[in-house]
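Peer 1: Next up, start-v7.txt (compact mmCIF, C-alpha atoms).
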```txt
# COMPACT_ATOMS: atom_id res chain seq x y z
CA MET A 125 26.83 5.00 23.79
CA PRO A 126 26.55 1.18 24.05
CA GLU A 127 27.92 -0.75 21.11
CA HIS A 128 24.54 -1.98 19.94
CA SER A 129 22.39 0.90 21.04
CA PRO A 130 19.04 1.03 19.20
CA PHE A 131 19.67 4.74 18.69
CA ASP A 132 22.84 4.08 16.68
CA LEU A 133 21.31 3.58 13.25
CA PRO A 134 23.41 2.54 10.24
CA GLU A 135 24.07 5.30 7.75
CA GLY A 136 21.23 5.54 5.24
CA ASP A 137 18.79 3.51 7.33
CA PRO A 138 15.37 4.23 5.75
CA PHE A 139 13.62 3.94 9.11
CA GLY A 140 15.29 6.82 10.88
CA PRO A 141 13.76 9.95 12.47
CA HIS A 142 12.34 11.21 9.15
CA THR A 143 10.19 8.10 8.61
CA LEU A 144 8.65 6.82 11.89
CA PRO A 145 5.92 4.54 10.49
CA TYR A 146 3.11 3.22 12.68
CA GLY A 147 2.21 -0.41 13.22
CA VAL A 148 0.59 -2.85 15.63
CA PHE A 149 2.57 -5.54 17.43
CA SER A 150 2.33 -8.18 20.12
CA THR A 151 5.00 -9.97 22.14
CA ALA A 152 5.70 -13.59 22.96
CA THR A 153 4.91 -12.97 26.63
CA GLU A 154 1.56 -11.31 25.85
CA PRO A 155 0.49 -12.71 22.47
CA GLY A 156 -3.15 -11.68 22.93
CA GLU A 157 -2.42 -8.00 23.60
CA ARG A 158 -1.97 -5.78 20.56
CA ARG A 159 -0.17 -2.48 21.00
CA LEU A 160 0.62 0.49 18.81
CA GLY A 161 4.25 0.86 17.83
CA VAL A 162 6.54 3.08 15.79
CA ARG A 163 9.43 1.58 13.87
CA TYR A 164 12.88 3.05 14.45
CA GLY A 165 15.66 1.18 12.68
CA ARG A 166 15.42 -2.46 13.72
CA HIS A 167 13.38 -1.70 16.82
CA VAL A 168 9.76 -0.93 17.68
CA LEU A 169 8.90 1.87 20.07
CA ASP A 170 6.04 0.87 22.38
CA LEU A 171 3.79 3.85 21.71
CA ALA A 172 1.20 2.92 24.31
CA ALA A 173 3.83 3.16 27.06
CA LEU A 174 5.32 6.47 25.91
CA PRO A 175 3.01 8.85 27.85
CA ASP A 176 3.82 7.18 31.16
CA ALA A 177 7.54 7.03 30.44
CA LEU A 178 7.73 10.71 29.45
CA PRO A 179 4.80 12.52 31.07
CA GLY A 180 3.68 15.62 29.21
CA LEU A 181 5.49 14.85 25.97
CA VAL A 182 2.34 13.56 24.27
CA PRO A 183 -0.53 16.07 24.66
CA ALA A 184 -3.02 14.78 27.22
CA ALA A 185 -5.84 14.95 24.68
CA HIS A 186 -4.13 12.26 22.60
CA THR A 187 -2.79 9.78 25.15
CA ALA A 188 -5.90 7.57 25.10
CA LEU A 189 -5.54 7.17 21.32
CA LEU A 190 -2.22 5.40 21.82
CA THR A 191 -3.64 2.59 23.97
CA ALA A 192 -5.99 1.26 21.28
CA PRO A 193 -5.27 -2.13 19.66
CA THR A 194 -5.45 -0.62 16.14
CA LEU A 195 -4.49 2.67 14.50
CA ASN A 196 -8.11 3.58 13.76
CA PRO A 197 -8.73 5.87 16.77
CA LEU A 198 -5.52 7.81 16.10
CA MET A 199 -6.33 8.00 12.38
CA ALA A 200 -9.86 9.27 13.11
CA ALA A 201 -8.55 12.03 15.37
CA GLY A 202 -7.44 14.15 12.42
CA ARG A 203 -4.32 15.81 11.15
CA PRO A 204 -3.57 18.07 14.16
CA ALA A 205 -3.45 14.97 16.37
CA TRP A 206 -1.28 13.15 13.83
CA GLN A 207 1.19 16.02 13.80
CA ASP A 208 1.27 16.31 17.61
CA VAL A 209 1.92 12.61 18.14
CA ARG A 210 4.53 12.44 15.38
CA ALA A 211 6.38 15.43 16.86
CA ALA A 212 6.33 13.82 20.31
CA VAL A 213 7.67 10.52 18.97
CA ARG A 214 10.47 12.25 17.09
CA THR A 215 11.47 14.20 20.19
CA ALA A 216 11.43 11.06 22.30
CA LEU A 217 13.74 9.25 19.88
CA THR A 218 16.15 12.07 19.03
CA ASP A 219 16.54 14.10 22.23
CA PRO A 220 19.48 12.68 24.22
CA ALA A 221 17.77 13.76 27.44
CA HIS A 222 15.14 11.07 26.87
CA ARG A 223 17.48 8.16 26.09
CA THR A 224 17.23 6.46 29.46
CA ALA A 225 13.43 6.59 29.57
CA VAL A 226 12.96 5.52 25.95
CA THR A 227 15.48 2.67 25.89
CA GLY A 228 13.14 0.47 27.89
CA LEU A 229 10.33 1.07 25.39
CA LEU A 230 12.29 -0.17 22.37
CA ARG A 231 11.79 -3.81 21.43
CA PRO A 232 13.88 -5.64 18.80
CA LEU A 233 11.87 -6.01 15.62
CA ASP A 234 12.66 -9.73 15.34
CA GLU A 235 11.18 -10.37 18.79
CA VAL A 236 7.67 -9.08 18.10
CA THR A 237 4.76 -10.25 15.95
CA LEU A 238 3.32 -7.67 13.57
CA HIS A 239 -0.38 -7.48 12.74
CA LEU A 240 -2.66 -5.73 10.27
CA PRO A 241 -2.21 -2.19 11.58
CA PHE A 242 -5.73 -0.86 10.97
CA GLU A 243 -9.26 -2.14 10.51
CA VAL A 244 -10.00 -1.86 6.81
CA ALA A 245 -13.32 -0.16 6.10
CA ASP A 246 -13.56 -0.13 2.28
CA TYR A 247 -10.99 -1.07 -0.33
CA VAL A 248 -10.73 0.57 -3.76
CA ASP A 249 -8.15 -0.22 -6.42
CA PHE A 250 -7.29 2.14 -9.26
CA TYR A 251 -5.66 1.73 -12.67
CA SER A 252 -3.49 4.83 -12.84
CA SER A 253 -0.26 3.91 -14.63
CA GLU A 254 -0.45 4.76 -18.32
CA HIS A 255 2.39 2.34 -19.01
CA HIS A 256 0.62 -0.54 -17.24
CA ALA A 257 -2.79 0.25 -18.70
CA THR A 258 -1.35 0.42 -22.21
CA ASN A 259 0.62 -2.82 -21.84
CA ALA A 260 -2.31 -4.69 -20.30
CA GLY A 261 -4.72 -3.34 -22.91
CA ARG A 262 -2.54 -4.62 -25.73
CA ILE A 263 -2.44 -8.07 -24.12
CA PHE A 264 -6.15 -8.33 -23.26
CA ARG A 265 -7.43 -6.50 -26.36
CA PRO A 266 -4.90 -7.13 -29.14
CA ASP A 267 -7.38 -6.06 -31.83
CA GLY A 268 -8.69 -2.97 -30.05
CA ALA A 269 -7.45 0.28 -28.53
CA ALA A 270 -4.92 -0.21 -25.75
CA LEU A 271 -6.51 2.48 -23.55
CA PRO A 272 -10.29 2.75 -23.15
CA PRO A 273 -11.69 6.13 -24.27
CA ASN A 274 -12.31 7.31 -20.69
CA TRP A 275 -8.81 6.53 -19.34
CA LYS A 276 -7.31 10.04 -19.63
CA HIS A 277 -10.48 11.72 -18.41
CA LEU A 278 -10.86 9.97 -15.05
CA PRO A 279 -8.97 7.65 -12.68
CA ILE A 280 -10.52 4.25 -13.41
CA GLY A 281 -11.08 2.12 -10.32
CA TYR A 282 -13.15 -0.67 -8.79
CA HIS A 283 -14.26 -1.71 -5.33
CA GLY A 284 -12.42 -4.68 -3.87
CA ARG A 285 -13.01 -6.65 -0.67
CA ALA A 286 -11.89 -5.25 2.65
CA GLY A 287 -12.16 -8.67 4.29
CA THR A 288 -9.34 -10.16 2.23
CA VAL A 289 -6.80 -7.41 2.89
CA VAL A 290 -4.03 -9.20 4.83
CA VAL A 291 -0.82 -8.13 6.49
CA SER A 292 2.60 -8.82 5.00
CA GLY A 293 3.76 -12.36 5.71
CA THR A 294 0.31 -13.90 5.37
CA PRO A 295 0.41 -16.85 2.93
CA VAL A 296 -1.65 -16.55 -0.26
CA VAL A 297 -3.64 -19.64 -1.23
CA ARG A 298 -4.00 -20.21 -4.97
CA PRO A 299 -7.65 -19.43 -5.79
CA HIS A 300 -10.23 -21.50 -7.67
CA GLY A 301 -12.51 -20.06 -10.29
CA GLN A 302 -13.96 -20.33 -13.76
CA LEU A 303 -11.32 -20.53 -16.47
CA LYS A 304 -11.87 -20.44 -20.22
CA ALA A 305 -9.18 -20.98 -22.83
CA PRO A 306 -9.62 -18.84 -25.96
CA ASP A 307 -10.43 -21.90 -28.10
CA ALA A 308 -12.57 -23.71 -25.51
CA PRO A 309 -16.34 -23.89 -26.15
CA ALA A 310 -17.18 -23.43 -22.46
CA PRO A 311 -15.44 -22.54 -19.20
CA ALA A 312 -13.93 -25.09 -16.86
CA PHE A 313 -13.49 -24.85 -13.10
CA GLY A 314 -10.24 -25.23 -11.21
CA PRO A 315 -7.26 -23.53 -9.58
CA SER A 316 -5.78 -20.51 -11.31
CA ALA A 317 -2.78 -21.34 -13.47
CA ARG A 318 -1.92 -17.67 -14.11
CA LEU A 319 -1.42 -16.28 -10.62
CA ASP A 320 0.21 -12.85 -10.73
CA ILE A 321 1.31 -9.95 -8.58
CA GLU A 322 0.58 -6.25 -8.81
CA ALA A 323 3.12 -3.90 -7.24
CA GLU A 324 1.11 -0.96 -5.92
CA VAL A 325 1.11 1.88 -3.41
CA GLY A 326 -1.77 2.25 -0.94
CA PHE A 327 -3.21 5.29 0.81
CA VAL A 328 -4.97 4.94 4.17
CA VAL A 329 -7.80 7.31 5.07
CA GLY A 330 -7.89 8.71 8.57
CA THR A 331 -10.39 11.55 8.80
CA PRO A 332 -13.83 10.54 7.51
CA SER A 333 -16.07 12.71 5.35
CA ALA A 334 -19.81 13.28 5.30
CA LEU A 335 -22.11 11.63 2.79
CA HIS A 336 -22.81 13.91 -0.19
CA ALA A 337 -19.74 16.05 0.61
CA PRO A 338 -17.02 15.51 -2.06
CA VAL A 339 -13.40 15.80 -0.94
CA GLY A 340 -11.52 18.23 -3.18
CA LEU A 341 -7.87 18.13 -4.15
CA ALA A 342 -6.92 20.69 -1.51
CA ALA A 343 -8.30 18.49 1.29
CA PHE A 344 -6.11 15.48 0.50
CA ARG A 345 -3.70 16.02 3.42
CA ASP A 346 -6.59 16.46 5.84
CA HIS A 347 -7.98 13.01 5.11
CA VAL A 348 -5.08 10.70 4.19
CA PHE A 349 -3.16 9.44 7.20
CA GLY A 350 -0.40 7.47 5.54
CA VAL A 351 1.10 5.38 2.79
CA CYS A 352 1.93 1.69 2.46
CA LEU A 353 3.01 -0.83 -0.13
CA VAL A 354 0.36 -3.12 -1.61
CA ASN A 355 0.52 -6.37 -3.55
CA ASP A 356 -2.88 -6.86 -5.15
CA TRP A 357 -2.59 -10.52 -6.15
CA SER A 358 -4.36 -11.32 -9.40
CA ALA A 359 -5.57 -14.51 -11.07
CA ARG A 360 -5.23 -13.51 -14.71
CA ASP A 361 -7.13 -16.49 -16.15
CA ILE A 362 -10.10 -15.93 -13.85
CA GLN A 363 -9.90 -12.20 -14.55
CA ALA A 364 -9.82 -12.59 -18.35
CA TRP A 365 -13.06 -14.60 -18.39
CA GLU A 366 -15.05 -12.60 -15.86
CA TYR A 367 -14.08 -8.96 -16.37
CA VAL A 368 -16.38 -8.20 -19.32
CA PRO A 369 -18.62 -6.26 -18.84
CA LEU A 370 -18.38 -5.37 -15.13
CA GLY A 371 -14.68 -5.65 -14.42
CA PRO A 372 -12.51 -7.34 -11.77
CA PHE A 373 -14.18 -9.61 -9.23
CA LEU A 374 -13.00 -13.09 -8.17
CA GLY A 375 -9.74 -12.68 -10.05
CA LYS A 376 -8.74 -9.98 -7.54
CA SER A 377 -10.74 -10.45 -4.35
CA PHE A 378 -9.01 -13.51 -2.86
CA ALA A 379 -6.03 -11.62 -1.33
CA THR A 380 -4.54 -8.13 -1.13
CA SER A 381 -1.33 -7.88 0.92
CA VAL A 382 -0.34 -4.66 2.70
CA SER A 383 2.64 -3.63 4.75
CA ALA A 384 2.63 -3.95 8.52
CA TRP A 385 3.83 -0.32 8.65
CA ILE A 386 1.93 2.81 7.62
CA THR A 387 4.33 5.67 6.86
CA PRO A 388 2.75 9.08 7.62
CA LEU A 389 1.94 11.18 4.58
CA ASP A 390 3.96 14.09 5.99
CA ALA A 391 7.12 11.95 5.79
CA PHE A 392 7.06 12.31 2.00
CA ASP A 393 7.24 16.09 1.69
CA ALA A 394 10.73 15.92 0.15
CA ALA A 395 9.55 13.26 -2.32
CA ARG A 396 6.83 15.40 -3.89
CA THR A 397 7.15 15.60 -7.65
CA ALA A 398 5.08 16.75 -10.59
CA PRO A 399 3.10 14.01 -12.36
CA PRO A 400 3.75 13.27 -16.03
CA ALA A 401 2.53 15.86 -18.54
CA ARG A 402 -1.12 15.29 -19.43
CA ASP A 403 -2.19 15.57 -23.03
CA VAL A 404 -5.91 15.68 -22.17
CA PRO A 405 -6.96 18.58 -19.90
CA PRO A 406 -8.75 17.16 -16.83
CA LEU A 407 -12.14 18.43 -15.71
CA PRO A 408 -12.05 21.15 -13.02
CA TYR A 409 -12.45 18.81 -10.03
CA LEU A 410 -9.35 16.87 -11.19
CA ASP A 411 -7.32 19.86 -12.38
CA ASP A 412 -4.22 19.97 -10.19
CA SER A 413 -2.22 22.40 -12.33
CA ALA A 414 -2.27 25.02 -9.56
CA ALA A 415 -1.93 22.56 -6.64
CA GLU A 416 1.18 21.34 -4.85
CA PRO A 417 3.00 18.63 -6.83
CA GLY A 418 0.82 15.56 -6.50
CA GLY A 419 3.25 12.83 -7.52
CA LEU A 420 5.54 10.94 -5.15
CA ASP A 421 9.06 9.83 -6.06
CA LEU A 422 8.87 6.32 -4.60
CA ARG A 423 11.44 3.76 -5.78
CA ILE A 424 9.89 0.29 -5.64
CA GLU A 425 11.74 -3.02 -5.90
CA VAL A 426 10.05 -6.35 -6.63
CA ARG A 427 11.81 -9.59 -5.72
CA LEU A 428 10.74 -13.11 -6.64
CA ASN A 429 12.37 -15.79 -4.46
CA GLY A 430 15.06 -13.29 -3.50
CA GLU A 431 15.96 -12.22 -7.04
CA VAL A 432 15.20 -8.70 -8.29
CA LEU A 433 12.38 -8.87 -10.81
CA SER A 434 11.78 -5.18 -11.50
CA ARG A 435 12.06 -1.66 -10.12
CA PRO A 436 8.83 0.22 -10.89
CA PRO A 437 8.97 4.04 -10.46
CA PHE A 438 5.91 5.51 -8.74
CA ALA A 439 6.80 8.98 -10.06
CA ALA A 440 5.62 7.81 -13.48
CA MET A 441 1.97 7.42 -12.39
CA TYR A 442 -0.42 9.46 -14.56
CA TRP A 443 -3.12 10.01 -11.92
CA THR A 444 -2.12 11.13 -8.41
CA ALA A 445 -3.45 9.98 -5.06
CA ALA A 446 -5.15 13.36 -4.53
CA GLN A 447 -6.96 13.03 -7.86
CA GLN A 448 -7.97 9.48 -7.01
CA LEU A 449 -9.47 10.65 -3.71
CA ALA A 450 -11.29 13.52 -5.40
CA HIS A 451 -12.75 11.19 -8.00
CA LEU A 452 -13.64 8.55 -5.41
CA THR A 453 -15.84 11.06 -3.56
CA VAL A 454 -17.06 13.39 -6.32
CA ASN A 455 -20.40 11.58 -6.58
CA GLY A 456 -21.01 12.17 -2.87
CA ALA A 457 -19.58 8.88 -1.59
CA SER A 458 -18.31 9.28 1.96
CA LEU A 459 -14.94 8.33 3.42
CA ARG A 460 -14.61 6.17 6.52
CA THR A 461 -11.64 5.84 8.84
CA GLY A 462 -9.70 2.84 7.62
CA ASP A 463 -10.60 3.17 3.95
CA LEU A 464 -7.76 1.90 1.79
CA TYR A 465 -7.31 2.85 -1.80
CA ALA A 466 -4.46 1.66 -3.99
CA SER A 467 -2.78 3.14 -7.03
CA GLY A 468 -3.09 0.18 -9.35
CA THR A 469 -0.06 -1.58 -10.78
CA VAL A 470 2.99 0.68 -10.90
CA SER A 471 4.94 0.37 -14.16
CA GLY A 472 7.45 2.56 -15.94
CA PRO A 473 8.47 2.84 -19.58
CA GLU A 474 11.46 0.47 -19.40
CA PRO A 475 11.42 -3.37 -19.54
CA ASP A 476 12.84 -3.61 -16.00
CA GLN A 477 10.22 -1.23 -14.58
CA LEU A 478 7.07 -3.35 -15.00
CA GLY A 479 4.98 -4.12 -11.93
CA CYS A 480 3.40 -7.48 -12.79
CA LEU A 481 4.21 -10.76 -14.52
CA LEU A 482 1.50 -10.13 -17.10
CA GLU A 483 3.59 -7.29 -18.48
CA LEU A 484 7.00 -8.77 -17.79
CA THR A 485 6.14 -11.89 -19.83
CA ARG A 486 3.80 -10.16 -22.33
CA GLY A 487 0.99 -12.37 -21.12
CA LYS A 488 2.80 -15.62 -21.94
CA GLY A 489 4.05 -16.55 -18.46
CA PRO A 490 5.44 -18.23 -16.55
CA TYR A 491 3.28 -17.04 -13.68
CA LEU A 492 3.68 -17.77 -9.98
CA GLN A 493 4.28 -21.34 -8.89
CA ASP A 494 3.35 -22.88 -5.55
CA GLY A 495 6.03 -22.02 -3.02
CA ASP A 496 7.09 -18.80 -4.76
CA GLU A 497 7.67 -15.84 -2.46
CA VAL A 498 7.25 -12.24 -3.61
CA THR A 499 8.61 -9.25 -1.68
CA LEU A 500 8.01 -5.56 -2.38
CA THR A 501 10.20 -2.87 -0.82
CA ALA A 502 10.43 0.86 -1.48
CA TRP A 503 12.03 4.09 -0.38
CA ALA A 504 11.70 7.78 -1.19
CA PRO A 505 14.04 10.74 -0.95
CA GLY A 506 13.86 12.45 2.43
CA PRO A 507 15.22 15.74 3.74
CA ASP A 508 18.98 16.39 3.66
CA GLY A 509 19.76 13.28 1.64
CA ALA A 510 17.95 10.90 4.01
CA ARG A 511 15.81 8.01 2.81
CA VAL A 512 12.20 7.44 3.84
CA GLY A 513 11.23 3.78 3.88
CA LEU A 514 8.01 1.90 3.33
CA GLY A 515 7.55 -1.37 5.16
CA GLU A 516 8.01 -4.43 2.98
CA VAL A 517 5.17 -6.60 1.69
CA THR A 518 5.90 -10.32 1.47
CA GLY A 519 3.68 -13.23 0.55
CA ARG A 520 4.29 -16.90 -0.25
CA VAL A 521 2.02 -18.85 -2.59
CA LEU A 522 0.41 -21.97 -1.12
CA PRO A 523 -1.26 -24.69 -3.20
CA ALA A 524 -4.98 -24.47 -3.89
CA ARG A 525 -7.12 -26.13 -1.26
CA GLY A 526 -9.83 -28.68 -1.86
CA LEU A 527 -13.32 -27.27 -2.04
CA PRO A 528 -16.07 -28.31 0.39
CA ALA A 529 -18.15 -31.24 -0.76
CA ALA A 530 -21.37 -30.33 -2.54
CA GLY A 531 -24.51 -30.38 -0.45
CA PRO A 532 -27.55 -32.55 -1.10
CA ALA A 533 -29.29 -32.01 -4.41
```
Hey, can you dump this file as structure tokens for me?
Peer 2:
Amino acid sequence: MPEHSPFDLPEGDPFGPHTLPYGVFSTATEPGERRLGVRYGRHVLDLAALPDALPGLVPAAHTALLTAPTLNPLMAAGRPAWQDVRAAVRTALTDPAHRTAVTGLLRPLDEVTLHLPFEVADYVDFYSSEHHATNAGRIFRPDGAALPPNWKHLPIGYHGRAGTVVVSGTPVVRPHGQLKAPDAPAPAFGPSARLDIEAEVGFVVGTPSALHAPVGLAAFRDHVFGVCLVNDWSARDIQAWEYVPLGPFLGKSFATSVSAWITPLDAFDAARTAPPARDVPPLPYLDDSAAEPGGLDLRIEVRLNGEVLSRPPFAAMYWTAAQQLAHLTVNGASLRTGDLYASGTVSGPEPDQLGCLLELTRGKGPYLQDGDEVTLTAWAPGPDGARVGLGEVTGRVLPARGLPAAGPA
């Protein structure tokens, strides 16, 4: 084997044959052409070229899905297609008989440009960490109950903006908005001074559902294509003034960063874990006591300017992704291919397990400064001691921009 063969992965590499996340890339020679790829170590497998390089390996019914410029056609094809393509990719990368044919399809990761891997249809953000919800409630409502009365009866969520979901590496411009100090008689207008992060996990819908047809807990695997890291940037000063009575709006909608890689849901089978014990019995449509373990043992790390800020444990989340999907659709709302829903801030019980600056500083700051760079990474236990990786999410804060001049009165 050549010294630097792309097949010779370092021990413990989280992007080995048990992970195989999907993305979209372009090259310097063809910057306008976007192609589907699969990450393998520090290389990207050109998925669109795989059927021609190894005829018959990918079922003929699926080959056209691999030539699309986004993951949406593959995601819409449903779980049998996902499993067929994933099996073909794994065989291509692990069977020594295919090494010669596949070597030419592997491009170094640092020589390609990565793009938003799917067209986002709708975006929903939840609020499913009891530790985060309790900490935030105590900060925002110091004289009231930390948790609202509905919190342990349903996964609280809100609709965000699909158009401001951006791929990792996209700069985040400090937003403007209305700001009101507690002792000020009226709000002022200006750039947010309390810009924050929210370390989250996102779930990407592949198979759509019909209007008025709720998706039950048992159908979770049939609809969710994959998992990614999410940083749902938050302007806490804008949020604090606007969120009563209707909830998050401009304080959240200016930017949501997602990974360039979507790790298939099936890659996390070995990371399944039971959610925390629930002291309020859920209603039947949310009752997962007889279902497969709905939690995921994801180990997240948050870095600010290269320094570790916290390590939030996703296994501590009170509400699971399957319950979130069931609640999202129980009123008859339909799913569309490309829907993204996120867990809400992931926080654990320990001081070094908090997923946002609001909690880490108990609301006092400091918050993000211009030029700060935040990076989220994560991994999960895989089969036989392997690690399953999630693509990183990185964003750098840019200064607020001047607003357009006012029009004529």
Peer 1: Box for segment 303-316 of chain A - axis-aligned, 8 Å on each of the six sides, all listed atoms - centre and size in Å to one decimal, as AutoDock Vina command-line options.
Peer 2:
```
--center_x -11.5 --center_y -22.0 --center_z -18.8 --size_x 27.4 --size_y 22.4 --size_z 34.5
```
Peer 1: I need the residue nearest Pro417 of chain A from this list: A:Leu341, A:Leu238, A:Leu481, A:Ile362. Use only C-alpha atoms for the distance.
Peer 2: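 Residue with the minimum atom-to-atom distance to Pro417 of chain A: A:Leu341.
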Peer 1: At a cut-off of 10 Å, using all atoms listed in the file, what residues contact segment 288-293 of chain A? Leave out same-chain residues fewer than 6 positions from it and give the result as an MDAnalysis selection string.
Peer 2: chainID A and resid 238:244 246:247 353:356 376:385 464 497:500 515:520
Peer 1: Can you pull out the residues contacting Ala184 of chain A? Cut-off 12 Å, using all atoms listed in the file, and skip same-chain residues under 6 positions away; I want them as an MDAnalysis selection string.
Peer 2: chainID A and resid 174:176 178 190 205 208:209 212
Peer 1: A:Val325, A:Ala401, A:Val368, A:Ala391: which is nearest Leu144 of chain A, counting only C-alpha atoms?
Peer 2: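 So, comparing all the options, the nearest one is A:Ala391.
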Peer 1: Give me the residues near Gly495 of chain A as JSON, numbers by chain, where near means some atom within 12 Å (using only C-alpha atoms) and where sequence neighbours in that chain fewer than 2 positions away do not count.
Peer 2: {"A": [295, 296, 297, 298, 428, 429, 492, 493, 497, 498, 519, 520, 521, 522, 523, 524]}
Peer 1: Would you export the selected residues with C-alpha atoms as a tab-separated table (two decimals), in the frame of the given file, please?
Peer 2:
```
chain	number	residue	atom	x	y	z
A	295	PRO	CA	0.41	-16.85	2.93
A	296	VAL	CA	-1.65	-16.55	-0.26
A	297	VAL	CA	-3.64	-19.64	-1.23
A	298	ARG	CA	-4.00	-20.21	-4.97
A	428	LEU	CA	10.74	-13.11	-6.64
A	429	ASN	CA	12.37	-15.79	-4.46
A	492	LEU	CA	3.68	-17.77	-9.98
A	493	GLN	CA	4.28	-21.34	-8.89
A	497	GLU	CA	7.67	-15.84	-2.46
A	498	VAL	CA	7.25	-12.24	-3.61
A	519	GLY	CA	3.68	-13.23	0.55
A	520	ARG	CA	4.29	-16.90	-0.25
A	521	VAL	CA	2.02	-18.85	-2.59
A	522	LEU	CA	0.41	-21.97	-1.12
A	523	PRO	CA	-1.26	-24.69	-3.20
A	524	ALA	CA	-4.98	-24.47	-3.89
```
Peer 1: So how far away is atom CA of Val329 of chain A from atom CA of Arg163 of chain A, in Å?
Peer 2: 20.2 Å
Peer 1: Considering only C-alpha atoms, state which residue in the set A:Thr227, A:Gln207, A:Asn274, A:Thr461 is at the smallest distance from Phe131 of chain A.
Peer 2: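 That would be A:Thr227, the residue with the smallest distance to Phe131 of chain A.
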Peer 1: From the set A:Phe392, A:Tyr465, A:Tyr491, A:Tyr442, which residue has the shortest atom-to-atom contact distance to Thr258 of chain A, counting only C-alpha atoms?
Peer 2: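 Comparing A:Phe392, A:Tyr465, A:Tyr491, A:Tyr442 against Thr258 of chain A, the winner is A:Tyr442.
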Peer 1: I'd like to know which of A:Val348, A:Ala445, A:Ala450, A:Ala395 is closest to Leu407 of chain A, using only C-alpha atoms.
Peer 2: A:Ala450
Peer 1: At what distance in Å, to one decimal, does atom CA of Leu420 of chain A lie from atom CA of Gly136 of chain A?
Peer 2: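 Between atom CA of Gly136 of chain A and atom CA of Leu420 of chain A the gap works out to 19.6 Å.
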Peer 1: Which residue out of A:Leu370, A:Ala286, A:Ala185, A:Leu271 has the minimum interatomic distance to Asp249 of chain A when all atoms listed in the file are used?
Peer 2: A:Ala286
Peer 1: Would you compute the distance between atom CA of Gly147 of chain A and atom CA of Leu171 of chain A? Give it in Å to one decimal.
Peer 2: 9.6 Å
Peer 1: If we count only C-alpha atoms, what is near Glu483 of chain A at a cut-off of 12 Å, once residues fewer than 6 positions away on the same chain are taken out, given as a tab-separated table (two decimals) with C-alpha atoms, keeping the file's coordinate frame?
Peer 2:
```
chain	number	residue	atom	x	y	z
A	255	HIS	CA	2.39	2.34	-19.01
A	256	HIS	CA	0.62	-0.54	-17.24
A	257	ALA	CA	-2.79	0.25	-18.70
A	258	THR	CA	-1.35	0.42	-22.21
A	259	ASN	CA	0.62	-2.82	-21.84
A	260	ALA	CA	-2.31	-4.69	-20.30
A	261	GLY	CA	-4.72	-3.34	-22.91
A	262	ARG	CA	-2.54	-4.62	-25.73
A	263	ILE	CA	-2.44	-8.07	-24.12
A	264	PHE	CA	-6.15	-8.33	-23.26
A	320	ASP	CA	0.21	-12.85	-10.73
A	321	ILE	CA	1.31	-9.95	-8.58
A	322	GLU	CA	0.58	-6.25	-8.81
A	323	ALA	CA	3.12	-3.90	-7.24
A	360	ARG	CA	-5.23	-13.51	-14.71
A	433	LEU	CA	12.38	-8.87	-10.81
A	434	SER	CA	11.78	-5.18	-11.50
A	436	PRO	CA	8.83	0.22	-10.89
A	469	THR	CA	-0.06	-1.58	-10.78
A	470	VAL	CA	2.99	0.68	-10.90
A	471	SER	CA	4.94	0.37	-14.16
A	472	GLY	CA	7.45	2.56	-15.94
A	473	PRO	CA	8.47	2.84	-19.58
A	474	GLU	CA	11.46	0.47	-19.40
A	475	PRO	CA	11.42	-3.37	-19.54
A	476	ASP	CA	12.84	-3.61	-16.00
A	477	GLN	CA	10.22	-1.23	-14.58
A	489	GLY	CA	4.05	-16.55	-18.46
A	490	PRO	CA	5.44	-18.23	-16.55
A	491	TYR	CA	3.28	-17.04	-13.68
```
Peer 1: Determine, counting all atoms listed in the file, every residue of protein, DNA or RNA that lies within 6 Å of (1.0, -6.3, 18.2) in the file coordinates, then give the result as an mmCIF file with C-alpha atoms, in the frame of the given file.
Peer 2:
```
data_model
loop_
_atom_site.group_PDB
_atom_site.id
_atom_site.type_symbol
_atom_site.label_atom_id
_atom_site.label_comp_id
_atom_site.auth_asym_id
_atom_site.auth_seq_id
_atom_site.Cartn_x
_atom_site.Cartn_y
_atom_site.Cartn_z
ATOM 1 C CA VAL A 148 0.590 -2.850 15.630
ATOM 2 C CA PHE A 149 2.570 -5.540 17.430
ATOM 3 C CA SER A 150 2.330 -8.180 20.120
ATOM 4 C CA ARG A 158 -1.970 -5.780 20.560
ATOM 5 C CA ARG A 159 -0.170 -2.480 21.000
ATOM 6 C CA THR A 237 4.760 -10.250 15.950
ATOM 7 C CA LEU A 238 3.320 -7.670 13.570
ATOM 8 C CA HIS A 239 -0.380 -7.480 12.740
#
```
